[in-house]
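Student: Below is target05.cif; it holds mmCIF, C-alpha atoms and all ligand atoms.
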```cif
data_entry
#
loop_
_atom_site.label_atom_id
_atom_site.label_comp_id
_atom_site.auth_asym_id
_atom_site.auth_seq_id
_atom_site.Cartn_x
_atom_site.Cartn_y
_atom_site.Cartn_z
CA MET K 1 114.83 105.88 94.60
CA LYS K 2 114.87 102.51 92.83
CA ASP K 3 112.37 100.69 94.99
CA LEU K 4 109.89 101.07 97.82
CA SER K 5 112.21 99.65 100.50
CA LEU K 6 114.70 102.47 99.82
CA HIS K 7 111.91 105.03 100.28
CA VAL K 8 110.94 103.35 103.57
CA LEU K 9 114.54 103.57 104.78
CA ASP K 10 114.86 107.18 103.65
CA ILE K 11 111.60 108.33 105.24
CA ALA K 12 112.41 106.47 108.48
CA GLN K 13 115.76 108.32 108.53
CA ASN K 14 113.80 111.60 108.64
CA SER K 15 111.91 110.36 111.72
CA ILE K 16 115.18 109.25 113.32
CA ALA K 17 116.73 112.67 112.62
CA ALA K 18 113.62 114.24 114.20
CA GLU K 19 114.45 112.27 117.39
CA ALA K 20 111.36 110.09 117.31
CA LYS K 21 111.18 107.43 120.02
CA VAL K 22 108.42 105.49 118.28
CA ILE K 23 108.20 105.02 114.52
CA GLN K 24 105.27 103.14 113.08
CA ILE K 25 105.54 101.92 109.50
CA THR K 26 102.38 100.53 107.92
CA LEU K 27 102.16 98.82 104.55
CA TYR K 28 98.60 98.47 103.42
CA PHE K 29 97.85 96.28 100.40
CA ASN K 30 94.39 96.66 98.95
CA ARG K 31 94.51 94.44 95.90
CA GLY K 32 90.78 94.39 95.33
CA ASN K 33 90.78 98.16 94.79
CA ASP K 34 94.22 98.29 93.16
CA TYR K 35 96.03 100.50 95.62
CA PHE K 36 98.86 100.28 98.10
CA GLU K 37 99.66 102.67 100.94
CA LEU K 38 102.81 103.36 102.88
CA VAL K 39 102.15 105.21 106.14
CA VAL K 40 105.01 106.39 108.37
CA LYS K 41 104.05 107.90 111.71
CA ASP K 42 106.48 109.22 114.29
CA ASN K 43 106.51 111.11 117.59
CA GLY K 44 109.51 113.23 116.67
CA LYS K 45 109.84 116.98 116.86
CA GLY K 46 107.47 117.66 113.97
CA MET K 47 107.44 120.64 111.62
CA GLU K 48 106.05 124.15 111.74
CA LYS K 49 103.12 124.81 109.45
CA ASP K 50 104.89 127.09 106.97
CA PHE K 51 107.80 124.68 106.66
CA LEU K 52 105.44 121.75 106.20
CA LEU K 53 103.74 123.50 103.31
CA ARG K 54 107.08 123.72 101.54
CA VAL K 55 108.44 120.30 102.49
CA THR K 56 107.30 118.55 99.33
CA ASP K 57 109.28 121.14 97.36
CA PRO K 58 112.83 119.92 96.55
CA PHE K 59 114.34 123.24 97.66
CA THR K 60 113.28 122.84 101.26
CA THR K 61 115.66 121.27 103.78
CA THR K 62 117.15 122.00 107.20
CA ARG K 63 120.25 120.03 106.33
CA ILE K 64 123.36 122.14 106.19
CA THR K 65 125.49 119.75 104.15
CA ARG K 66 123.50 120.47 101.00
CA LYS K 67 120.69 122.82 100.20
CA VAL K 68 118.26 120.44 98.55
CA GLY K 69 116.04 117.98 100.44
CA LEU K 70 114.87 115.28 98.05
CA GLY K 71 113.53 112.37 100.06
CA ILE K 72 109.96 113.58 100.46
CA PRO K 73 109.60 115.18 96.97
CA LEU K 74 110.85 111.95 95.35
CA LEU K 75 108.40 109.76 97.27
CA LYS K 76 105.56 112.14 96.40
CA ARG K 77 106.57 112.11 92.75
CA ASN K 78 106.86 108.30 92.58
CA ALA K 79 103.42 107.90 94.16
CA GLU K 80 101.78 110.49 91.91
CA LEU K 81 103.43 109.04 88.78
CA THR K 82 101.29 105.94 89.25
CA GLY K 83 98.11 107.98 89.64
CA GLY K 84 98.35 107.74 93.42
CA SER K 85 98.62 110.49 96.01
CA PHE K 86 100.69 111.87 98.86
CA SER K 87 99.89 113.64 102.12
CA ILE K 88 101.79 114.78 105.18
CA TYR K 89 100.60 116.14 108.52
CA SER K 90 102.83 117.36 111.26
CA GLU K 91 102.62 119.11 114.57
CA PRO K 92 105.59 120.72 116.28
CA GLY K 93 106.47 118.81 119.44
CA ALA K 94 104.02 116.00 118.62
CA GLY K 95 105.09 114.22 115.45
CA THR K 96 104.53 113.60 111.79
CA ILE K 97 102.41 111.27 109.70
CA LEU K 98 103.04 110.75 106.04
CA THR K 99 101.00 108.69 103.58
CA ALA K 100 101.97 107.72 100.03
CA ARG K 101 99.43 105.90 97.92
CA PHE K 102 100.50 103.95 94.84
CA ILE K 103 98.46 102.33 92.08
CA PRO K 104 100.24 98.96 91.63
CA SER K 105 98.86 98.18 88.18
CA HIS K 106 100.48 101.32 86.74
CA ILE K 107 103.54 100.60 84.61
CA ASP K 108 105.66 103.14 86.52
CA CYS K 109 104.96 101.61 89.93
CA LEU K 110 108.14 100.80 91.86
CA PRO K 111 109.15 97.26 92.82
CA LEU K 112 109.12 96.42 96.55
CA GLY K 113 112.86 95.86 96.96
CA ASP K 114 114.33 94.29 100.08
CA LEU K 115 111.69 95.20 102.65
CA ALA K 116 112.76 92.50 105.10
CA GLY K 117 116.34 93.76 105.00
CA THR K 118 115.20 97.36 105.51
CA PHE K 119 113.03 96.52 108.54
CA ALA K 120 115.78 94.38 110.08
CA LEU K 121 118.38 97.09 109.46
CA LEU K 122 116.27 99.79 111.12
CA ILE K 123 115.39 97.61 114.12
CA CYS K 124 118.96 96.38 114.72
CA SER K 125 120.67 99.73 114.04
CA TYR K 126 118.46 101.89 116.28
CA PRO K 127 117.74 99.75 119.37
CA LYS K 128 116.55 102.77 121.40
CA ILE K 129 113.71 103.45 118.97
CA ASN K 130 110.58 101.33 119.16
CA PHE K 131 109.71 100.47 115.57
CA ILE K 132 106.23 99.15 114.99
CA ILE K 133 105.95 97.38 111.66
CA GLU K 134 102.44 96.68 110.50
CA ILE K 135 101.53 94.89 107.28
CA ILE K 136 97.93 94.64 106.23
CA VAL K 137 96.80 92.59 103.26
CA GLU K 138 93.07 92.87 102.85
CA LYS K 139 91.74 91.46 106.15
CA THR K 140 94.99 89.88 107.32
CA ARG K 141 97.18 91.93 109.66
CA PHE K 142 100.74 91.23 110.76
CA CYS K 143 102.33 93.48 113.37
CA ILE K 144 105.65 93.30 115.22
CA SER K 145 107.57 95.84 117.29
CA THR K 146 111.15 96.27 118.42
CA LYS K 147 109.92 95.62 121.98
CA GLU K 148 108.47 92.23 121.02
CA ILE K 149 111.65 91.25 119.18
CA VAL K 150 113.77 92.25 122.20
CA GLU K 151 111.60 90.02 124.41
CA ALA K 152 111.86 87.13 121.96
CA ILE K 153 115.68 87.20 121.78
CA GLU K 154 115.90 87.04 125.58
CA GLY K 155 118.77 89.31 126.49
CA VAL K 156 120.83 89.08 123.31
CA PRO K 157 121.44 92.71 122.25
CA LEU K 158 119.91 93.82 118.94
CA SER K 159 123.39 94.95 117.89
CA ASN K 160 124.73 91.37 118.17
CA SER K 161 125.69 90.26 114.64
CA SER K 162 123.58 87.10 114.92
CA VAL K 163 120.37 89.08 115.34
CA TYR K 164 120.12 90.95 112.00
CA PRO K 165 119.93 87.79 109.81
CA LEU K 166 117.37 86.29 112.20
CA VAL K 167 115.14 89.36 112.12
CA LYS K 168 115.47 89.63 108.35
CA GLU K 169 114.53 85.97 107.94
CA PHE K 170 111.57 86.49 110.26
CA PHE K 171 110.27 89.34 108.08
CA ASN K 172 110.91 87.39 104.87
CA THR K 173 108.95 84.41 106.18
CA ASN K 174 106.02 86.62 107.13
CA LEU K 175 106.07 88.55 103.85
CA GLU K 176 106.05 85.22 102.00
CA GLY K 177 103.20 84.02 104.20
CA LEU K 178 101.22 87.10 103.17
CA GLN K 179 102.20 86.41 99.54
CA ILE K 180 103.81 89.80 99.17
CA THR K 181 106.05 89.80 96.12
CA ASN K 182 105.07 93.13 94.60
CA LEU K 183 102.92 96.13 95.46
CA GLY K 184 99.84 94.70 93.80
N1 LIG K 201 109.37 113.07 110.20
C1 LIG K 201 109.88 114.31 110.22
N2 LIG K 201 109.89 115.03 111.37
C2 LIG K 201 110.38 116.30 111.41
N3 LIG K 201 110.92 116.93 110.34
C3 LIG K 201 110.96 116.26 109.17
C4 LIG K 201 110.44 114.92 109.05
N4 LIG K 201 110.59 114.52 107.75
C5 LIG K 201 111.18 115.56 107.12
N5 LIG K 201 111.41 116.59 107.95
C6 LIG K 201 112.03 117.89 107.59
O1 LIG K 201 111.86 118.06 106.20
C7 LIG K 201 113.12 118.24 105.55
C8 LIG K 201 113.10 117.62 104.17
O2 LIG K 201 113.10 116.18 104.23
P1 LIG K 201 113.58 115.33 102.99
O3 LIG K 201 112.76 115.68 101.80
O4 LIG K 201 113.62 113.90 103.38
O5 LIG K 201 115.05 115.86 102.69
P2 LIG K 201 116.37 115.72 103.60
O6 LIG K 201 116.10 114.63 104.59
O7 LIG K 201 117.44 115.35 102.61
O8 LIG K 201 116.58 117.07 104.21
C9 LIG K 201 114.14 117.63 106.50
O9 LIG K 201 115.40 118.25 106.36
C10 LIG K 201 113.52 117.92 107.87
O10 LIG K 201 113.83 119.25 108.29
MG MG K 202 115.20 112.77 104.20
#
```
Now, as a test, write the supplied structure out as structure tokens.

Tutor:
Amino acid sequence: MKDLSLHVLDIAQNSIAAEAKVIQITLYFNRGNDYFELVVKDNGKGMEKDFLLRVTDPFTTTRITRKVGLGIPLLKRNAELTGGSFSIYSEPGAGTILTARFIPSHIDCLPLGDLAGTFALLICSYPKINFIIEIIVEKTRFCISTKEIVEAIEGVPLSNSSVYPLVKEFFNTNLEGLQITNLG
């Protein structure tokens, strides 16, 4: 994965495949202490304990198209390469929460990529899922959900082609406002 936004998309796809109805994505920037956290929480079908123990291993997957699941192991590896950490908790029938911590000052830390585009794509492509996007930079918090965006666009469907660029622009403006240009 070339950048963080691609990891976000990939991990969100797992939650979508697990039939989550609510997916909360939190980006937490702690510049003072030189760390960044990505937290993805869903209320999908979850994983059994024995499977969960193996899920960070690249040879674990329930996909039938290929034998190797790589999304989670790659995120774990990219976080740990910076001196950060990775954790995942899951409960069958309840959901999953995954946290990847990166150390931004490390030379191997990924760039952010197109986060605004990723959030807009998820929100506009999966209108039945309530995405909650939360961005915290030190003491400043920005939070927006699919539900709030639906209210704001007053009846225009999320799938309407005019909506994606608007939502993307909205995220870009807010990311700029929070002065987010890299993980650090
Ligand atoms: N949020 C989740 N909820 C339920 N199961 C999950 C979730 N994330 C991952 N999994 C399970 O873990 C497996 C491995 O995920 P991943 O490493 O992303 O590889 P892939 O998606 O290619 O299979 C998935 O096939 C799925 O069975
Ligand atoms: Mg995956």

Student: For the point (99.5, 95.6, 108.4) in file coordinates, what residues are within 9 Å, counting only C-alpha atoms? Give the answer as a list in words?

Tutor: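 So the residues meeting the distance criterion are Ile25, Thr26, Leu27, Tyr28, Phe29, Ile133, Glu134, Ile135, Ile136, Val137, Glu138, Thr140, Arg141, Phe142 and Cys143 of chain K.
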
Student: With only C-alpha atoms as the counted atoms, please give the residues lying no more than 9 Å from range 117-128 of chain K, apart from itself and same-chain residues fewer than 5 positions off, as number ranges by chain.

Tutor: K: 5-6, 8-9, 12-13, 16, 21, 133, 145-146, 149-150, 157-160, 163-172

Student: Grab the atom O7 of ligand LIG 201 (chain K) to CA of Ile144 in chain K distance for me, in Å with one decimal place.

Tutor: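 That distance, rounded to one decimal, is 28.0 Å.
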
Student: Give me the box for range 16-29 of chain K as lines of an AutoDock Vina configuration file, namely the centre and edge lengths in Å to one decimal of a box along x, y and z that holds every listed atom plus 5 Å on each side.

Tutor:
```
center_x = 107.3
center_y = 105.3
center_z = 110.2
size_x = 28.9
size_y = 28.0
size_z = 29.6
```

Student: With all atoms listed in the file as the atoms that count, which of K:Glu154, K:Asp34, K:Asp10, K:Asp50 lies nearest to Cys109 in chain K?

Tutor: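 When distances to Cys109 in chain K are compared using all atoms listed in the file, the smallest one comes from K:Asp34.
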
Student: Which is closest to Arg101 in chain K among K:Ile132, K:Leu183, K:Leu178, K:Val55, if we use all atoms listed in the file?

Tutor: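 Closest to Arg101 in chain K of all the choices is K:Leu183.
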
Student: Could you name the residues that touch Ile23 in chain K at 8 Å or less, counting all atoms listed in the file, but leaving out those on the same chain fewer than 4 positions away, as a list of chain:residue names?

Tutor: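 Counting all atoms listed in the file, the residues come to K:Ala12, K:Ser15, K:Val40, K:Lys41, K:Asp42, K:Asn43, K:Ile129, K:Asn130, K:Phe131, K:Ile132.
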
Student: Could you jot down the CA of Gly69 in chain K to CA of Thr82 in chain K separation for me, Å, one decimal place?

Tutor: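 Atom-to-atom, CA of Gly69 in chain K to CA of Thr82 in chain K, that is 22.1 Å.
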
Student: From the set K:Ser85, K:Thr99, K:Thr173, K:Asn33, which residue has the shortest atom-to-atom contact distance to ligand LIG 201 (chain K), counting all atoms listed in the file?

Tutor: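 With all atoms listed in the file as the atom set, the closest residue is K:Thr99.
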